[in-house]
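Data from data_6.cif: mmCIF, C-alpha atoms
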```
data_protein
#
loop_
_atom_site.label_atom_id
_atom_site.label_comp_id
_atom_site.auth_asym_id
_atom_site.auth_seq_id
_atom_site.Cartn_x
_atom_site.Cartn_y
_atom_site.Cartn_z
CA ASP R 1 -0.16 -13.65 12.40
CA GLN R 2 1.09 -10.14 11.76
CA GLN R 3 4.26 -10.44 9.70
CA VAL R 4 5.04 -6.72 9.60
CA LYS R 5 4.70 -4.75 12.80
CA GLN R 6 4.84 -1.06 13.55
CA ASN R 7 4.63 -0.92 17.32
CA SER R 8 4.34 2.84 17.66
CA PRO R 9 0.92 4.09 16.55
CA SER R 10 2.09 7.69 16.74
CA LEU R 11 5.20 9.87 16.93
CA SER R 12 5.55 13.58 17.49
CA VAL R 13 8.73 15.56 16.68
CA GLN R 14 9.77 19.18 16.35
CA GLU R 15 10.41 20.75 12.98
CA GLY R 16 14.06 20.47 12.00
CA ARG R 17 14.74 17.44 14.19
CA ILE R 18 15.10 13.83 13.13
CA SER R 19 12.07 11.53 12.84
CA ILE R 20 12.77 7.83 13.29
CA LEU R 21 10.04 5.38 12.37
CA ASN R 22 10.52 1.74 13.23
CA CYS R 23 9.28 -1.51 11.77
CA ASP R 24 9.82 -5.17 12.66
CA TYR R 25 9.10 -8.24 10.58
CA THR R 26 8.96 -11.96 11.20
CA ASN R 27 9.25 -13.53 7.74
CA SER R 28 12.89 -13.99 6.74
CA MET R 29 11.82 -14.69 3.15
CA PHE R 30 10.98 -11.05 2.41
CA ASP R 31 13.14 -9.65 -0.40
CA TYR R 32 12.20 -6.00 -0.33
CA PHE R 33 11.10 -3.50 2.24
CA LEU R 34 9.28 -0.30 1.45
CA TRP R 35 7.99 2.82 3.15
CA TYR R 36 4.83 4.59 2.12
CA LYS R 37 3.35 7.86 3.27
CA LYS R 38 -0.41 8.39 3.40
CA TYR R 39 -2.57 11.44 3.86
CA PRO R 40 -6.26 11.08 4.82
CA ALA R 41 -8.57 10.18 1.92
CA GLU R 42 -5.62 9.57 -0.40
CA GLY R 43 -3.78 6.47 -1.52
CA PRO R 44 -0.31 5.70 -0.12
CA THR R 45 2.63 7.40 -1.82
CA PHE R 46 5.82 5.41 -2.32
CA LEU R 47 8.77 6.98 -0.48
CA ILE R 48 11.77 4.71 -0.46
CA SER R 49 12.64 1.02 -0.51
CA ILE R 50 15.53 -1.28 0.17
CA SER R 51 16.56 -4.70 -1.03
CA SER R 52 17.29 -7.37 1.55
CA ILE R 53 20.89 -7.55 0.31
CA LYS R 54 21.57 -3.98 1.40
CA ASP R 55 21.61 -2.34 4.80
CA LYS R 56 21.06 1.28 3.86
CA ASN R 57 19.39 3.30 1.14
CA GLU R 58 19.25 7.07 1.03
CA ASP R 59 17.12 9.47 -0.99
CA GLY R 60 17.31 13.12 -0.04
CA ARG R 61 15.95 13.61 3.46
CA PHE R 62 14.88 9.97 3.71
CA THR R 63 17.13 7.09 4.71
CA VAL R 64 16.06 3.51 5.32
CA PHE R 65 18.20 1.20 7.42
CA LEU R 66 17.81 -2.57 7.42
CA ASN R 67 19.10 -4.89 10.15
CA LYS R 68 18.42 -8.38 8.87
CA SER R 69 19.74 -10.18 11.94
CA ALA R 70 17.27 -8.28 14.09
CA LYS R 71 14.53 -8.33 11.43
CA HIS R 72 14.20 -4.61 11.89
CA LEU R 73 14.11 -1.61 9.63
CA SER R 74 13.78 2.07 10.25
CA LEU R 75 13.05 5.22 8.29
CA HIS R 76 14.94 8.38 9.19
CA ILE R 77 13.67 11.76 8.06
CA VAL R 78 16.14 14.60 8.47
CA PRO R 79 15.29 17.41 8.84
CA SER R 80 11.62 16.87 9.61
CA GLN R 81 9.15 19.34 8.13
CA PRO R 82 5.49 20.04 9.01
CA GLY R 83 4.51 18.73 5.55
CA ASP R 84 5.89 15.35 6.57
CA SER R 85 2.98 14.93 8.98
CA ALA R 86 1.11 11.85 7.74
CA VAL R 87 0.68 8.14 8.41
CA TYR R 88 3.75 6.12 7.44
CA PHE R 89 3.33 2.48 6.47
CA CYS R 90 6.11 -0.07 6.43
CA ALA R 91 5.65 -2.86 3.86
CA ALA R 92 7.51 -5.96 2.78
CA SER R 93 7.35 -8.19 -0.26
CA ARG R 94 8.70 -11.40 -1.72
CA GLY R 95 9.79 -11.38 -5.34
CA GLY R 96 8.40 -14.84 -5.94
CA SER R 97 4.91 -13.93 -4.80
CA ASN R 98 4.07 -11.39 -7.51
CA TYR R 99 5.62 -8.81 -5.20
CA LYS R 100 2.54 -8.80 -2.98
CA LEU R 101 2.94 -6.24 -0.21
CA THR R 102 2.35 -7.01 3.45
CA PHE R 103 1.73 -3.80 5.37
CA GLY R 104 2.20 -2.79 8.96
CA LYS R 105 -0.57 -0.87 10.71
CA GLY R 106 1.10 2.47 10.26
CA THR R 107 2.57 5.20 12.45
CA LEU R 108 1.05 8.68 12.56
CA LEU R 109 3.89 11.21 12.42
CA THR R 110 3.18 14.74 13.57
CA VAL R 111 5.86 17.36 12.95
CA ASN R 112 5.26 20.44 15.07
CA PRO R 113 6.36 23.87 13.80
CA GLY U 1 5.62 9.78 -13.25
CA ALA U 2 3.97 6.56 -11.99
CA VAL U 3 0.45 7.96 -11.69
CA VAL U 4 -2.46 5.67 -10.91
CA SER U 5 -5.97 6.98 -11.35
CA GLN U 6 -8.86 5.41 -9.47
CA HIS U 7 -12.48 6.26 -10.21
CA PRO U 8 -14.91 7.02 -8.67
CA SER U 9 -13.50 8.51 -5.50
CA ARG U 10 -16.76 8.13 -3.61
CA VAL U 11 -19.90 6.06 -4.11
CA ILE U 12 -23.09 6.02 -2.09
CA CYS U 13 -25.72 3.53 -3.17
CA LYS U 14 -28.54 1.32 -2.01
CA SER U 15 -28.14 -2.22 -0.77
CA GLY U 16 -28.30 -4.75 -3.61
CA THR U 17 -26.61 -2.50 -6.15
CA SER U 18 -23.48 -3.56 -8.01
CA VAL U 19 -20.66 -1.04 -8.06
CA LYS U 20 -17.72 -0.90 -10.48
CA ILE U 21 -14.42 0.75 -9.57
CA GLU U 22 -11.79 1.49 -12.21
CA CYS U 23 -8.04 1.60 -11.76
CA ARG U 24 -5.80 2.97 -14.51
CA SER U 25 -2.06 3.39 -14.73
CA LEU U 26 -1.71 6.64 -16.67
CA ASP U 27 1.96 6.80 -17.61
CA PHE U 28 3.24 3.27 -17.34
CA GLN U 29 2.28 -0.29 -18.15
CA ALA U 30 1.41 -2.41 -15.16
CA THR U 31 2.46 -6.04 -15.06
CA THR U 32 0.29 -6.61 -12.05
CA MET U 33 -2.48 -4.73 -10.31
CA PHE U 34 -3.62 -5.21 -6.75
CA TRP U 35 -6.84 -4.44 -4.90
CA TYR U 36 -6.85 -3.58 -1.21
CA ARG U 37 -9.44 -2.81 1.39
CA GLN U 38 -8.85 -0.61 4.41
CA PHE U 39 -10.98 -0.58 7.54
CA PRO U 40 -10.87 2.41 9.91
CA LYS U 41 -7.60 2.63 11.82
CA GLN U 42 -6.41 -0.60 10.22
CA SER U 43 -3.75 -1.43 7.68
CA LEU U 44 -4.30 -2.11 4.02
CA MET U 45 -5.55 -5.65 3.51
CA LEU U 46 -4.80 -7.25 0.16
CA MET U 47 -7.93 -8.64 -1.48
CA ALA U 48 -6.64 -9.91 -4.80
CA THR U 49 -3.83 -9.79 -7.33
CA SER U 50 -4.52 -9.54 -11.04
CA ASN U 51 -2.26 -10.01 -14.03
CA GLU U 52 -3.27 -8.76 -17.44
CA GLY U 53 -5.15 -11.38 -19.42
CA SER U 54 -5.45 -13.94 -16.63
CA LYS U 55 -7.79 -14.65 -13.74
CA ALA U 56 -7.27 -12.81 -10.50
CA THR U 57 -5.79 -14.54 -7.49
CA TYR U 58 -7.85 -13.90 -4.38
CA GLU U 59 -6.59 -13.86 -0.81
CA GLN U 60 -8.02 -16.27 1.70
CA GLY U 61 -11.44 -15.22 2.94
CA VAL U 62 -12.23 -12.94 -0.02
CA GLU U 63 -15.31 -14.03 -1.97
CA LYS U 64 -14.45 -14.10 -5.66
CA ASP U 65 -18.12 -14.08 -6.66
CA LYS U 66 -18.72 -10.98 -4.56
CA PHE U 67 -15.64 -9.06 -5.74
CA LEU U 68 -15.21 -9.51 -9.49
CA ILE U 69 -11.90 -8.38 -10.93
CA ASN U 70 -11.16 -7.84 -14.59
CA HIS U 71 -7.72 -6.89 -15.86
CA ALA U 72 -8.45 -6.11 -19.48
CA SER U 73 -5.19 -4.40 -20.43
CA LEU U 74 -1.77 -3.41 -19.10
CA THR U 75 -3.25 -0.11 -17.94
CA LEU U 76 -6.74 -0.96 -16.67
CA SER U 77 -8.19 -3.15 -13.95
CA THR U 78 -11.74 -3.05 -12.59
CA LEU U 79 -13.26 -4.25 -9.33
CA THR U 80 -17.00 -4.87 -9.26
CA VAL U 81 -18.68 -5.28 -5.90
CA THR U 82 -21.75 -7.32 -6.75
CA SER U 83 -25.02 -7.04 -4.86
CA ALA U 84 -23.38 -4.79 -2.30
CA HIS U 85 -24.56 -4.78 1.31
CA PRO U 86 -23.79 -2.41 4.20
CA GLU U 87 -20.98 -4.66 5.43
CA ASP U 88 -19.19 -4.06 2.11
CA SER U 89 -18.88 -0.37 2.98
CA SER U 90 -15.19 0.40 3.14
CA PHE U 91 -12.26 2.21 1.54
CA TYR U 92 -11.02 0.31 -1.53
CA ILE U 93 -7.60 1.11 -3.02
CA CYS U 94 -5.90 -0.23 -6.11
CA SER U 95 -2.22 -0.31 -6.92
CA ALA U 96 -0.14 -1.10 -9.97
CA ARG U 97 3.33 -2.52 -10.29
CA PRO U 98 5.32 -1.20 -13.28
CA ARG U 99 6.86 -3.57 -15.79
CA THR U 100 10.23 -1.89 -15.27
CA ILE U 101 11.24 -1.62 -11.65
CA GLY U 102 14.49 0.31 -11.69
CA THR U 103 15.79 0.91 -8.22
CA SER U 104 12.38 1.21 -6.53
CA TYR U 105 12.54 -2.38 -5.44
CA GLY U 106 9.13 -4.05 -5.61
CA ALA U 107 7.30 -0.73 -5.46
CA GLN U 108 3.62 -0.46 -6.22
CA HIS U 109 1.96 2.82 -7.04
CA PHE U 110 -1.44 3.49 -5.53
CA GLY U 111 -4.62 5.20 -6.61
CA ASP U 112 -6.36 7.61 -4.24
CA GLY U 113 -8.98 5.07 -3.24
CA THR U 114 -12.75 4.78 -3.43
CA ARG U 115 -14.96 5.35 -0.40
CA LEU U 116 -17.89 2.98 -0.81
CA SER U 117 -20.96 3.52 1.36
CA ILE U 118 -23.88 1.11 1.08
CA LEU U 119 -27.15 2.30 2.63
#
```
Could you rewrite the structure in this file as structure tokens?
Amino acid sequence: DQQVKQNSPSLSVQEGRISILNCDYTNSMFDYFLWYKKYPAEGPTFLISISSIKDKNEDGRFTVFLNKSAKHLSLHIVPSQPGDSAVYFCAASRGGSNYKLTFGKGTLLTVNP
Amino acid sequence: GAVVSQHPSRVICKSGTSVKIECRSLDFQATTMFWYRQFPKQSLMLMATSNEGSKATYEQGVEKDKFLINHASLTLSTLTVTSAHPEDSSFYICSARPRTIGTSYGAQHFGDGTRLSIL
């Protein structure tokens, strides 16, 4: 049972435009949601997170939106840059479970110059 | 800040060998460290969770006698793949959760992974 789903394996956008990465989850007990960015042969890099009691968190070019009723979150990157090209993983955790992360399968973002 | 160092980055060895992978948090103390495995084109799969000074908690289906985890201090955890076989070949990644979270809710910080190839 896949509790965190990223249904788009890839996304391609033009430099300067907005990138929107989507993620759905099934477990309503998740407390936190996180986005990670991963380059080949490297570990994931933490980008931004949001608590389940909030609906938006912003950090520079990155904004995460959470819609609890729809069990959906999204990551917006504005403006997109070629250096943003990477695999983006959505993850979720429960505070009572040692904050174990459950990951989606990732979305490959390609930002074209 | 929040740097996690994982060593070695790549290992190639013969079947039957035991391999040790180290994970260190360089600039913070880690309450908990995690070990993941990633198969090609798949997500990160959690193998085990370790807290300093206590036994690791393994996920269902992970053989604890095959994958030995030691969390000796707040900055070091090791994963030993014992008597490795070709099916153990994979990308292994560790992560560490800081003692102080701040506003990065639940965040873990990852090492760069170890590519293990068993011949």
>> Distance limit 9 Å, atoms considered: only C-alpha atoms. Which chain U residues sit that close to chain R? Return them as a ChimeraX atom specification.
In response: /U:32,34,41-46,49,91,93-95,97,103-115
>> Could you tell me how far atom CA of U:Arg10 sits from atom CA of U:Pro86, in Å to one decimal place?
In response: 14.9 Å
>> Residues near R:Gln3, anyone? I mean within 7 Å using all atoms listed in the file, not counting same-chain ones fewer than 6 positions away, as a PyMOL selection string.
In response: chain R and resi 25-27
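The space separating atom CA of R:Lys5 from atom CA of R:Asp24 comes to 5.1 Å.
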>> If I take atom CA of U:Met47 and atom CA of U:Leu76, how far is one from the other in Å, to one decimal?
In response: 17.1 Å
> If you count all atoms listed in the file, which residues fall within 6 Å of U:Thr75, apart from same-chain ones fewer than 6 positions away, as a ChimeraX atom specification?
Replying inline: /U:24-25,29-30
> Which one is closest to R:Leu66: R:Val87, R:Val78, R:Leu108, R:Ile53? Count all atoms listed in the file.
Replying inline: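 With all atoms listed in the file as the atom set, the closest residue is R:Ile53.
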>> Given the point (-10.4, -2.8, -14.3) in the file's coordinates, find the residues that have an atom at most 10 Å from it, counting all atoms listed in the file, and give them as a list in words.
In response: Gln6, Lys20, Ile21, Glu22, Cys23, Arg24, Met33, Ser50, Glu52, Leu68, Ile69, Asn70, His71, Ala72, Ser73, Leu74, Thr75, Leu76, Ser77, Thr78, Leu79, Thr80 and Cys94 of chain U
>> Residues near R:Leu73, anyone? I mean within 8 Å using only C-alpha atoms, not counting same-chain ones fewer than 6 positions away, as number ranges by chain.
In response: R: 22-24, 64-67
Store the residues of this selection in a file with C-alpha atoms, as a compact mmCIF listing (two decimals), keeping the file's coordinate frame.
```
# COMPACT_ATOMS: atom_id res chain seq x y z
CA ASN R 22 10.52 1.74 13.23
CA CYS R 23 9.28 -1.51 11.77
CA ASP R 24 9.82 -5.17 12.66
CA VAL R 64 16.06 3.51 5.32
CA PHE R 65 18.20 1.20 7.42
CA LEU R 66 17.81 -2.57 7.42
CA ASN R 67 19.10 -4.89 10.15
```
> Taking into account only C-alpha atoms, which residue in the set U:Ser5, U:Gln60, U:Ser54, U:Ser83 is nearest to U:Leu26?
Replying inline: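 Result for the nearest residue to U:Leu26: U:Ser5.
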>> Using only C-alpha atoms, list the residues that have an atom at most 6 Å from (12.1, 8.7, 7.2), coordinates as in the file, as a PyMOL selection string.
In response: chain R and resi 62-63+75-77
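Checking R:Cys90, R:Gln81, R:Asn112, R:Asp59 one by one against R:Ser12, counting only C-alpha atoms, you find the shortest gap at R:Asn112.
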Could you pull chain R out of the structure I just pasted and write it to a file containing C-alpha atoms, as an mmCIF file, in the first residue's frame?
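For reference, decode.cif as written:
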```cif
data_model
loop_
_atom_site.group_PDB
_atom_site.id
_atom_site.type_symbol
_atom_site.label_atom_id
_atom_site.label_comp_id
_atom_site.auth_asym_id
_atom_site.auth_seq_id
_atom_site.Cartn_x
_atom_site.Cartn_y
_atom_site.Cartn_z
ATOM 1 C CA ASP R 1 0.000 0.000 0.000
ATOM 2 C CA GLN R 2 1.656 3.187 -1.184
ATOM 3 C CA GLN R 3 0.823 5.879 1.349
ATOM 4 C CA VAL R 4 2.558 8.719 -0.488
ATOM 5 C CA LYS R 5 2.046 9.001 -4.214
ATOM 6 C CA GLN R 6 3.648 11.151 -6.858
ATOM 7 C CA ASN R 7 1.682 10.334 -9.976
ATOM 8 C CA SER R 8 3.816 12.281 -12.433
ATOM 9 C CA PRO R 9 7.157 10.571 -13.038
ATOM 10 C CA SER R 10 8.440 13.586 -14.948
ATOM 11 C CA LEU R 11 7.772 17.268 -15.609
ATOM 12 C CA SER R 12 9.369 19.636 -18.069
ATOM 13 C CA VAL R 13 9.135 23.453 -17.809
ATOM 14 C CA GLN R 14 10.793 26.480 -19.349
ATOM 15 C CA GLU R 15 13.264 28.572 -17.414
ATOM 16 C CA GLY R 16 11.551 31.438 -15.630
ATOM 17 C CA ARG R 17 8.152 29.743 -15.506
ATOM 18 C CA ILE R 18 6.485 28.086 -12.549
ATOM 19 C CA SER R 19 7.083 24.417 -11.723
ATOM 20 C CA ILE R 20 4.295 22.675 -9.836
ATOM 21 C CA LEU R 21 5.012 19.269 -8.352
ATOM 22 C CA ASN R 22 2.150 17.313 -6.872
ATOM 23 C CA CYS R 23 1.837 14.702 -4.169
ATOM 24 C CA ASP R 24 -1.094 12.775 -2.690
ATOM 25 C CA TYR R 25 -1.233 10.797 0.522
ATOM 26 C CA THR R 26 -3.642 8.355 2.099
ATOM 27 C CA ASN R 27 -2.721 8.328 5.797
ATOM 28 C CA SER R 28 -4.526 11.089 7.686
ATOM 29 C CA MET R 29 -2.233 10.539 10.677
ATOM 30 C CA PHE R 30 0.770 12.191 9.023
ATOM 31 C CA ASP R 31 1.937 15.255 10.967
ATOM 32 C CA TYR R 32 4.543 16.675 8.632
ATOM 33 C CA PHE R 33 5.132 16.803 4.931
ATOM 34 C CA LEU R 34 8.483 17.436 3.334
ATOM 35 C CA TRP R 35 10.042 17.950 -0.065
ATOM 36 C CA TYR R 36 13.497 16.734 -0.972
ATOM 37 C CA LYS R 37 15.575 17.301 -4.070
ATOM 38 C CA LYS R 38 17.980 14.653 -5.335
ATOM 39 C CA TYR R 39 20.725 14.697 -7.916
ATOM 40 C CA PRO R 40 22.104 11.411 -9.326
ATOM 41 C CA ALA R 41 24.609 9.639 -7.052
ATOM 42 C CA GLU R 42 23.884 12.035 -4.184
ATOM 43 C CA GLY R 43 21.670 11.844 -1.129
ATOM 44 C CA PRO R 44 18.413 13.825 -1.003
ATOM 45 C CA THR R 45 18.657 17.458 0.060
ATOM 46 C CA PHE R 46 15.943 18.867 2.315
ATOM 47 C CA LEU R 47 14.070 21.738 0.647
ATOM 48 C CA ILE R 48 11.013 22.726 2.606
ATOM 49 C CA SER R 49 8.416 21.229 4.921
ATOM 50 C CA ILE R 50 5.023 21.985 6.346
ATOM 51 C CA SER R 51 3.156 20.991 9.464
ATOM 52 C CA SER R 52 -0.289 19.470 9.083
ATOM 53 C CA ILE R 53 -1.770 22.413 11.001
ATOM 54 C CA LYS R 54 -0.748 24.849 8.287
ATOM 55 C CA ASP R 55 -1.787 25.191 4.666
ATOM 56 C CA LYS R 56 1.152 27.101 3.248
ATOM 57 C CA ASN R 57 4.849 27.529 3.882
ATOM 58 C CA GLU R 58 7.161 29.673 1.809
ATOM 59 C CA ASP R 59 10.935 29.835 1.574
ATOM 60 C CA GLY R 60 12.381 31.960 -1.190
ATOM 61 C CA ARG R 61 11.432 30.511 -4.558
ATOM 62 C CA PHE R 62 9.822 27.465 -2.958
ATOM 63 C CA THR R 63 6.282 27.309 -1.604
ATOM 64 C CA VAL R 64 4.496 24.235 -0.317
ATOM 65 C CA PHE R 65 0.714 24.123 -0.187
ATOM 66 C CA LEU R 66 -1.216 21.578 1.845
ATOM 67 C CA ASN R 67 -4.878 20.674 1.285
ATOM 68 C CA LYS R 68 -5.751 18.314 4.107
ATOM 69 C CA SER R 69 -9.320 17.676 2.993
ATOM 70 C CA ALA R 70 -8.032 16.461 -0.360
ATOM 71 C CA LYS R 71 -4.933 14.809 1.153
ATOM 72 C CA HIS R 72 -2.875 16.675 -1.382
ATOM 73 C CA LEU R 73 0.211 18.829 -1.307
ATOM 74 C CA SER R 74 2.155 20.638 -3.948
ATOM 75 C CA LEU R 75 5.514 22.321 -4.332
ATOM 76 C CA HIS R 76 5.710 25.496 -6.389
ATOM 77 C CA ILE R 77 9.040 26.737 -7.692
ATOM 78 C CA VAL R 78 9.004 30.275 -9.049
ATOM 79 C CA PRO R 79 10.897 31.200 -11.122
ATOM 80 C CA SER R 80 12.282 27.867 -12.273
ATOM 81 C CA GLN R 81 15.985 27.701 -13.054
ATOM 82 C CA PRO R 82 18.005 25.085 -14.987
ATOM 83 C CA GLY R 83 19.821 24.215 -11.734
ATOM 84 C CA ASP R 84 16.483 23.084 -10.324
ATOM 85 C CA SER R 85 16.553 20.094 -12.670
ATOM 86 C CA ALA R 86 16.581 17.052 -10.383
ATOM 87 C CA VAL R 87 14.314 14.372 -8.922
ATOM 88 C CA TYR R 88 11.930 15.757 -6.308
ATOM 89 C CA PHE R 89 10.646 13.469 -3.581
ATOM 90 C CA CYS R 90 7.592 14.128 -1.471
ATOM 91 C CA ALA R 91 7.735 12.611 2.026
ATOM 92 C CA ALA R 92 5.493 12.430 5.065
ATOM 93 C CA SER R 93 6.060 11.580 8.693
ATOM 94 C CA ARG R 94 4.274 11.012 11.972
ATOM 95 C CA GLY R 95 5.739 12.579 15.085
ATOM 96 C CA GLY R 96 4.906 9.553 17.188
ATOM 97 C CA SER R 97 6.797 7.148 14.972
ATOM 98 C CA ASN R 98 10.310 8.535 15.499
ATOM 99 C CA TYR R 99 9.558 10.823 12.566
ATOM 100 C CA LYS R 100 10.078 7.992 10.084
ATOM 101 C CA LEU R 101 9.717 9.283 6.543
ATOM 102 C CA THR R 102 7.511 7.658 3.938
ATOM 103 C CA PHE R 103 8.603 8.692 0.460
ATOM 104 C CA GLY R 104 6.843 8.968 -2.849
ATOM 105 C CA LYS R 105 8.544 7.599 -5.959
ATOM 106 C CA GLY R 106 9.753 10.983 -7.097
ATOM 107 C CA THR R 107 9.202 13.324 -10.035
ATOM 108 C CA LEU R 108 12.017 14.178 -12.428
ATOM 109 C CA LEU R 109 11.903 17.920 -13.090
ATOM 110 C CA THR R 110 13.680 19.246 -16.153
ATOM 111 C CA VAL R 111 13.979 23.014 -16.524
ATOM 112 C CA ASN R 112 14.873 23.960 -20.079
ATOM 113 C CA PRO R 113 16.938 27.101 -20.755
#
```
